[in-house]
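Here's the structure, in C-alpha cells; my notes come after.
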Amino acid sequence: MLPQPAPKPDILARRDEIVAGLRALLPDDAVIGDALRLKPYETDGLSAYREVPLAVALPSTTEQVAAIMEFCHREGVRVVPRGAGTSLSGGALPMADSVVLGLMRMNRITEIDYADRLAVVQAGVTNIGITQAVAGQGFFYAPDPSSQLACMIGGNVNMNSGGAHCLRYGVTANNLLGLKLVTVEGEILEIGGAHLDSAGYDWLGLLTGSEGQLAIVTEVTVRILRAAEGARAMLAAFRSNEVAGACVDSIIGSGIIPVALEFMDRPAIHACEAFANAGYPLDAEAMLIIEVEGSTEEQDFLLDRLKAICAQHDPISLKVSTSAEESLAIWKGRKGAFGAVGRISPDYMCMDGTIPTSQLPHVLRRIGEMSADYNLQVANIFHAGDGNLHPLIMFDANDPSSFAKAEKFGADILTLCVEVGGCLTGEHGVGVEKRDLMNVQFTEIELDQQRRIKSAFDPGWLLNANKVFPLKGLAAE
Amino acid sequence: MQTTFSEAQLRDPDTAESNKQLRTCVHCGFCTATCPTFVLLGDELDSPRGRIYLIKDMLESGRPATEEVVRHVDRCLSCLSCMSTCPSGVNYMHLVDHARHYIEDTYQRPWHERLLRNALALILPHPNRLRATLMAASATRPLAGLIPGDGMFQKRLRALFKLAPRTIPAPSPLEGPRTHTATTEKKARVALLAGCAQQVLDPAINEATIRLLTRMGTEVVVAKGAGCCGALTHHMGHHDPAMASAAANIEAWHQELETQGLDAIIINTSGCGTTVKDYGHMFRTTPFAEKARKISALAMDITEYLAKSNYTPTREPPGLTVAYHSACSLQHGQKITAQPKQLLQKAGFKVVEPIEPHLCCGSAGTYNILQPDISTRLRARKLENLKATKPDLIAAGNIGCLTQLAGDTLPTIHTIQLLDWMAGGPKPAGAP
C-alpha cells in the first residue's frame, strides 16, 4: 500500500474528542465519525489508493470552514480538503489522522455580472454548473476538464485544471479573478476581485494549483466569456498513433490554433463509441477531434485548411459534424473517455504528462513499446494540441502484481516526458500519485524552495500534507 | 474497482452479478453530479458512488446490514439518473436491487417502519384494497393536519393522507380482464398491463390507451391473471411477493402469446415498464428464465409503440403549450426520451422542457411516503422548473409523477390522454 506520513498517535487517541469538537461547530448531519460511513471517503478518482480518515466535516458556509480550521489548527489536526472527489492523482486521499473537509454543500452561485463578465461561485459549484448558469445569456466558463459534469471549481483552482478547450482559452489560472480563502489558522481572506490584475505580488498565481496545501478555497470569482457564434468538430482517422501525432505537430506548426485538438487511439475509440454512439471511426488506429469555432465562413475557412493539413498524413477518413446533436455525442464520448475505459478494463491509472508537441510521434512510439514490454494495455486519450498526454494504463486491481507493474510503467512514461523537455503533470496535479517523481523534475534545492513556501502558509504542515512532495522531505520538516 | 469476494461468495449468482458491476465501476464520480440526493444533501454517502461503496463493503463483509447503510440506501430514489450518466456502464439498478433484498433479509427495521412498509405492500398492488383505503383516507383527510410531532413516523403519516385524492374516481367500466377488439381494420394484437394503483387513481389513462389503440387497429387484451408488475414490492426489497406478481404476469401473457399471439406488451406506467423489461434478468436463474426473457423482449412503453405505429391526429391543434416532464423510469430506466415529445408535437402541442430535466420529481414509487422530506424538496424544485417554462399543462408518462406534481397551479395529464384527445378521444379532465 502507499506509504503515508506517520499518523500522530495523540490525534488517533483523541478521535472521539475531536469528532465531538467538530459536532459542537456544525449541524448534526455535517459530521461523520463512525467507521462504516467514513469508508466511502477513503478514496477519490484514483481508487487504487485508500486510507480511512479520522472524521469528515461537511460545512455549508465560509464561516463554518473558518471555525473548523481554527479548531483543527488549535488541536494540531491535519486537514484534507475535498470537492467532488474526482481527482485522478489522489488529491483528496485522506490520512488516518486527518479530517476530510468536504466542500460539496457549498454549491451556490452568489453573483453573476454580465456587464463585467464575471461570476462569483462557491467552491462546491460544479465546473459545468457555471456554464449552465450563464448559457442562457450566451456566456460560458472556458476551462472544461473532462470531468466537468462532476468536478467542482474549488478543486479546479487547486489543481489548475485544464480541458479540451484550453488550447484556445487557457487553463483555470487564465480564467480566474479572485478567491475567498480560509487560512490554516481559520482566518478568512480575499485576494483578487472583479479586476484583471492586482497590486503587489500575484497571490492568485501562487494559490492556483497549490493542491490544497496553502489554504482552503471557499469562493471563486471567475471570468465568463461570450460564447462563439457556432462551433464544428471534425473527426480525422489515421493509420497509426505516430501518424496522428505527426498531424498534430503539423497543425500546431502551421499557426492554426483550433479551439480543441484531441487525440484518441484504437482502444479509446472503441470504448467511447460503445458509451456515446458518436460515429467514431472504428477502423482507425488513432483519431483526432479537431474543433473550430466562429461564424460559418470562419469555420469553413479553417476546416478547409485543416483538411488540407490532415490530407498530408494519409488519413483513413475525415468527417465534419453536421448537427448540434452529432457534436454533442462527439464530446460526450471524449469527456466520458476515462470512465468508458471501465468497459474494457476493471482498473486503470491515468497518467498526466505534458510534452512539446514536436515530441508526440517519438513519445507515442515509446509508450507503445513500453506497453509491449510491460505486457499492460494502454489507451491514449489526450489534449494533443497542448501536448498534454493521458495514457491510461489498464490493470487488474484484484491482482497485486499487475498494479505494481502499472505503477512502474506510469513512472517510466512520466520520466520520459521530463526527458524530452516536458513535465510530470498537465492538469491533474501531483497529488500522491506523482509525488515521488518530483525528484525527477526538480533538484533537492528546488524542492526545498517550494517546501518553504508551503511552510510560510502552513508552518505545522496540517493542510493536505501527504501530497506533492516526496515523503522523505516531509519527514525532514 | 478492486473487490475482495471469496470464491464461496461468488458462487451465489446475485453476488456474482454484483461483483461484475462493482468491477465495472472505476470510481470516476460522474454519477454524483446527476444524483438528486447528492445535489440536495451534498454528502458522498448520498451519492450513487458512495452507496456503491457502502453496498460493496456490506456484501464483501457478509455482515448483516446496519442502520447506517440502510439509511443511505433507503434515500436512493432508484431514479437511475446515475445509469444515464455512467460512462462505464455500471448497472446500478441490479446492484441496488440486490442490496435492498440483502437488507430485507438481514436487517430488522423499527416496528413502525415494518408496519408501514408491510401495509403499503399489502394495499398498493391490489386495486380493491387501495380503493377502499383511499376512500377512508379521503374521508379523514382533514385529520392529517391534526397529527402532532415532527418525527419521521408522523411525517410519513401526513404524506400518506396528503396523497389521497379528494374524490376517488369510480371504477372504470373497462376495468377487468377482457379483449377490446379493434374498431378499424385489425393490424396488431397487444396485451395491456392494466396495472394496480394507476387504474384506481386515474382510470382515464387506461381508457384513453384502449380507445386510441383499438381506433388505430390494435386489438387490446387485458389478460386474466395479470396484475401488479411487482415493482412496488421489488423496490422495497420484498423479494418473494415481487417475484410472485411478476411470475403471474409472465404466465398470463405467455399463455396469450402461445394461443392467440402478441405483437407487444403495452405499458402506460413507465415505472412498471422498467420492471417488466427487467423480468428477463429477475428470473435468469429460474426455470422461468426463457419465458421471462420473451416477455421482457415484448414489453414496450405506449409511446414507443405509437412512435412505430403511425399515430395520426384528427383534431385541429388546440394551441396549448405542454411542459413535458420526463419520468425517470422512461428517460433513465428505459432510455426513452424523444418519442413522447415527438408524438406530442405531432399531435399539435407546443412542447417545452424544464431545466434539470434529468432530476427526479420525488415520487419514485413509495418514496414520497417513506422519505417525505427529500421528496417534498424535489417536488418543489421540479414544479418551479416546470412553471418557469410557462406552460398550460404538464404531461408525463407515469402515474407516480402525475400524482406527485398534481395539486399545484398546473393541470397534470398523462401523455396518452393528450394523444387520444387529438386523435378523436374526449378532452381529458382538467385540460384547459
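Quick note on naming: the chains in the C-alpha cells go A, B, ... in the order shown, residues restart at 1 in each chain, and ligands are numbered from 1 in order of appearance.
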Contacts of Thr133 of chain B within 12 Å, only C-alpha atoms, excl. fewer than 3 positions in-chain, as an MDAnalysis selection string: chainID B and resid 119:120 122:124 126:130 136:141 160:161 163:165 168 197 200:201
Written selection (N, CA and C atoms) as a PDB file, in the first residue's frame:
```
ATOM      1  N   ALA B 119     -47.866  -2.609   5.256  1.00  0.00           N
ATOM      2  CA  ALA B 119     -49.186  -2.113   4.870  1.00  0.00           C
ATOM      3  C   ALA B 119     -49.168  -1.664   3.407  1.00  0.00           C
ATOM      4  N   LEU B 120     -48.124  -0.931   3.039  1.00  0.00           N
ATOM      5  CA  LEU B 120     -48.020  -0.475   1.649  1.00  0.00           C
ATOM      6  C   LEU B 120     -47.962  -1.667   0.699  1.00  0.00           C
ATOM      7  N   LEU B 122     -49.147  -4.568   1.182  1.00  0.00           N
ATOM      8  CA  LEU B 122     -50.412  -5.315   1.172  1.00  0.00           C
ATOM      9  C   LEU B 122     -51.514  -4.561   0.443  1.00  0.00           C
ATOM     10  N   ILE B 123     -51.415  -3.233   0.410  1.00  0.00           N
ATOM     11  CA  ILE B 123     -52.520  -2.438  -0.132  1.00  0.00           C
ATOM     12  C   ILE B 123     -52.282  -2.000  -1.576  1.00  0.00           C
ATOM     13  N   LEU B 124     -51.131  -1.337  -1.817  1.00  0.00           N
ATOM     14  CA  LEU B 124     -50.912  -0.677  -3.106  1.00  0.00           C
ATOM     15  C   LEU B 124     -51.095  -1.579  -4.331  1.00  0.00           C
ATOM     16  N   HIS B 126     -53.001  -3.907  -4.913  1.00  0.00           N
ATOM     17  CA  HIS B 126     -54.327  -4.518  -5.074  1.00  0.00           C
ATOM     18  C   HIS B 126     -55.388  -3.429  -5.228  1.00  0.00           C
ATOM     19  N   PRO B 127     -55.944  -3.280  -6.438  1.00  0.00           N
ATOM     20  CA  PRO B 127     -56.851  -2.168  -6.713  1.00  0.00           C
ATOM     21  C   PRO B 127     -58.006  -2.042  -5.717  1.00  0.00           C
ATOM     22  N   ASN B 128     -58.633  -3.143  -5.346  1.00  0.00           N
ATOM     23  CA  ASN B 128     -59.789  -3.033  -4.454  1.00  0.00           C
ATOM     24  C   ASN B 128     -59.402  -2.567  -3.055  1.00  0.00           C
ATOM     25  N   ARG B 129     -58.292  -3.126  -2.566  1.00  0.00           N
ATOM     26  CA  ARG B 129     -57.813  -2.702  -1.241  1.00  0.00           C
ATOM     27  C   ARG B 129     -57.402  -1.234  -1.271  1.00  0.00           C
ATOM     28  N   LEU B 130     -56.746  -0.839  -2.366  1.00  0.00           N
ATOM     29  CA  LEU B 130     -56.271   0.536  -2.452  1.00  0.00           C
ATOM     30  C   LEU B 130     -57.460   1.497  -2.499  1.00  0.00           C
ATOM     31  N   ALA B 136     -61.234   5.743   2.670  1.00  0.00           N
ATOM     32  CA  ALA B 136     -61.142   6.008   4.111  1.00  0.00           C
ATOM     33  C   ALA B 136     -60.232   7.199   4.372  1.00  0.00           C
ATOM     34  N   ALA B 137     -59.110   7.242   3.651  1.00  0.00           N
ATOM     35  CA  ALA B 137     -58.146   8.318   3.866  1.00  0.00           C
ATOM     36  C   ALA B 137     -58.724   9.651   3.415  1.00  0.00           C
ATOM     37  N   SER B 138     -59.457   9.610   2.302  1.00  0.00           N
ATOM     38  CA  SER B 138     -60.035  10.836   1.771  1.00  0.00           C
ATOM     39  C   SER B 138     -61.037  11.425   2.764  1.00  0.00           C
ATOM     40  N   ALA B 139     -61.846  10.522   3.349  1.00  0.00           N
ATOM     41  CA  ALA B 139     -62.855  10.974   4.297  1.00  0.00           C
ATOM     42  C   ALA B 139     -62.214  11.580   5.542  1.00  0.00           C
ATOM     43  N   THR B 140     -61.043  11.066   5.889  1.00  0.00           N
ATOM     44  CA  THR B 140     -60.401  11.534   7.127  1.00  0.00           C
ATOM     45  C   THR B 140     -59.249  12.482   6.843  1.00  0.00           C
ATOM     46  N   ARG B 141     -59.161  12.948   5.581  1.00  0.00           N
ATOM     47  CA  ARG B 141     -58.045  13.792   5.154  1.00  0.00           C
ATOM     48  C   ARG B 141     -57.778  14.974   6.083  1.00  0.00           C
ATOM     49  N   LEU B 160     -48.918  10.284   3.657  1.00  0.00           N
ATOM     50  CA  LEU B 160     -49.876   9.279   3.216  1.00  0.00           C
ATOM     51  C   LEU B 160     -51.262   9.898   3.033  1.00  0.00           C
ATOM     52  N   PHE B 161     -51.689  10.679   4.021  1.00  0.00           N
ATOM     53  CA  PHE B 161     -53.002  11.320   3.946  1.00  0.00           C
ATOM     54  C   PHE B 161     -53.069  12.278   2.760  1.00  0.00           C
ATOM     55  N   LEU B 163     -51.631  12.175   0.009  1.00  0.00           N
ATOM     56  CA  LEU B 163     -51.671  11.529  -1.305  1.00  0.00           C
ATOM     57  C   LEU B 163     -53.094  11.155  -1.721  1.00  0.00           C
ATOM     58  N   ALA B 164     -53.976  11.018  -0.738  1.00  0.00           N
ATOM     59  CA  ALA B 164     -55.341  10.607  -1.048  1.00  0.00           C
ATOM     60  C   ALA B 164     -56.062  11.729  -1.798  1.00  0.00           C
ATOM     61  N   PRO B 165     -56.582  11.430  -2.985  1.00  0.00           N
ATOM     62  CA  PRO B 165     -57.311  12.461  -3.723  1.00  0.00           C
ATOM     63  C   PRO B 165     -58.571  12.838  -2.938  1.00  0.00           C
ATOM     64  N   ILE B 168     -62.427  10.009  -5.032  1.00  0.00           N
ATOM     65  CA  ILE B 168     -61.863   8.789  -5.620  1.00  0.00           C
ATOM     66  C   ILE B 168     -62.680   8.460  -6.861  1.00  0.00           C
ATOM     67  N   ALA B 197     -52.172   0.454  -8.943  1.00  0.00           N
ATOM     68  CA  ALA B 197     -52.549   1.746  -8.372  1.00  0.00           C
ATOM     69  C   ALA B 197     -53.118   2.693  -9.429  1.00  0.00           C
ATOM     70  N   VAL B 200     -56.805   2.727 -10.197  1.00  0.00           N
ATOM     71  CA  VAL B 200     -57.628   3.279  -9.119  1.00  0.00           C
ATOM     72  C   VAL B 200     -57.507   4.810  -9.093  1.00  0.00           C
ATOM     73  N   LEU B 201     -56.279   5.288  -9.180  1.00  0.00           N
ATOM     74  CA  LEU B 201     -56.045   6.726  -9.051  1.00  0.00           C
ATOM     75  C   LEU B 201     -56.551   7.495 -10.262  1.00  0.00           C
TER      76      LEU B 201
END
```
Hey, list the chain A side of the contact with chain B: 7 Å cut-off, only C-alpha atoms, answer as a PyMOL selection string. chain A and resi 40+45+47+85-86+104-105+147+149-150+275+336+339-343+346-347+397-398
Distance query Cys229 of chain B at most 6 Å, only C-alpha atoms, self and fewer than 5 positions along chain excluded, as a list in words: Ser245, Ala246 and Cys272 of chain B
Which residues are close to Leu393 of chain B, i.e. within 7 Å by only C-alpha atoms, leaving aside same-chain residues fewer than 2 positions away? Reply as a ChimeraX atom specification. /B:321-323,391,395,410-412
Might you pull out every residue within 12 Å of Pro13 of chain B, with only C-alpha atoms counted and same-chain residues fewer than 3 positions away left off, and present them as number ranges by chain? B: 7-10, 16-20, 94, 98, 281-286
Extract, using only C-alpha atoms, all DNA, RNA and protein residues at most 7 Å from segment 213-222 of chain A, discarding same-chain residues fewer than 6 positions from it, and format them as a VMD selection string. chain A and resid 62 118 to 123 154 175 to 184 193 454 457 to 458 463 to 465
Hey, what does DSSP flag as strand (DSSP E or B) within segment 35-261 of chain B? Can you give it to me as an MDAnalysis selection string? chainID B and resid 178:180 188:192 218:222
Show which residues sit within 8 Å of segment 100-111 of chain B, as a PDB file with C-alpha atoms, in the first residue's frame. Count only C-alpha atoms, and ignore same-chain residues fewer than 2 positions away.
```
ATOM      1  CA  PRO B  64     -25.936  -8.043   8.392  1.00  0.00           C
ATOM      2  CA  ALA B  65     -26.951  -4.604   7.116  1.00  0.00           C
ATOM      3  CA  THR B  66     -26.612  -1.850   9.682  1.00  0.00           C
ATOM      4  CA  VAL B  70     -29.895   1.185   5.390  1.00  0.00           C
ATOM      5  CA  VAL B  73     -29.648   3.020   0.587  1.00  0.00           C
ATOM      6  CA  VAL B  96     -29.225  -1.594  -5.531  1.00  0.00           C
ATOM      7  CA  ASP B  97     -31.956  -4.219  -6.058  1.00  0.00           C
ATOM      8  CA  HIS B  98     -29.570  -6.816  -4.664  1.00  0.00           C
ATOM      9  CA  GLU B 113     -41.435   1.136   9.749  1.00  0.00           C
ATOM     10  CA  ARG B 114     -42.167  -2.551   9.267  1.00  0.00           C
ATOM     11  CA  LEU B 115     -45.827  -1.831   9.844  1.00  0.00           C
ATOM     12  CA  HIS B 235     -38.116  -1.707  -4.699  1.00  0.00           C
ATOM     13  CA  MET B 236     -38.887  -2.230  -1.017  1.00  0.00           C
ATOM     14  CA  GLY B 237     -36.718  -5.364  -1.111  1.00  0.00           C
ATOM     15  CA  HIS B 238     -39.731  -7.685  -0.625  1.00  0.00           C
ATOM     16  CA  HIS B 239     -38.323 -10.306  -2.939  1.00  0.00           C
TER      17      HIS B 239
END
```
Could you build a table of the residues in segment 113-228 of chain B lying no more than 12 Å from segment 307-314 of chain B, giving for each the nearest pair of atoms and their separation in Å rounded to one decimal place, using only C-alpha atoms, ordered by chain and ascending residue number, as a tab-separated table?
```
residue	atom	partner	partner_atom	distance
B:Lys187	CA	B:Ser309	CA	9.9
B:Ala188	CA	B:Ser309	CA	9.9
B:Leu212	CA	B:Tyr311	CA	9.2
B:Leu213	CA	B:Tyr311	CA	9.5
B:Arg215	CA	B:Tyr311	CA	10.4
B:Met216	CA	B:Tyr311	CA	7.7
B:Gly217	CA	B:Ser309	CA	9.8
B:Thr218	CA	B:Ser309	CA	9.6
```
Considering only alpha helix (DSSP H) as DSSP defines it on the backbone, what residues of segment 26-179 of chain B qualify? List them as an NGL selection string. :B and (30-33 or 36-41 or 48-61 or 67-74 or 81-85 or 92-106 or 111-123 or 127-139 or 152-163)
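If you look at atom CA of Arg366 of chain A and atom CA of Glu242 of chain A, they are 10.0 Å away from each other.
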Min atom-atom distance to Asp29 of chain A from the set B:Leu370, B:Arg293, B:Leu134, B:Asp46, counting only C-alpha atoms, belongs to B:Asp46
One number please: atom CA of Ser402 of chain A to atom CA of Met438 of chain A, in Å, one decimal. 23.7 Å
Nearest residue to Lys387 of chain B from the set B:Cys401, B:Gly430, B:His325, B:Gly425 (distances using only C-alpha atoms):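 The shortest atom-to-atom distance to Lys387 of chain B comes from B:His325.
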Just give me the gap between atom CA of Ser161 of chain A and atom CA of Leu225 of chain A in Å, one decimal is fine.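 Computing it gives 17.4 Å between the two atoms.
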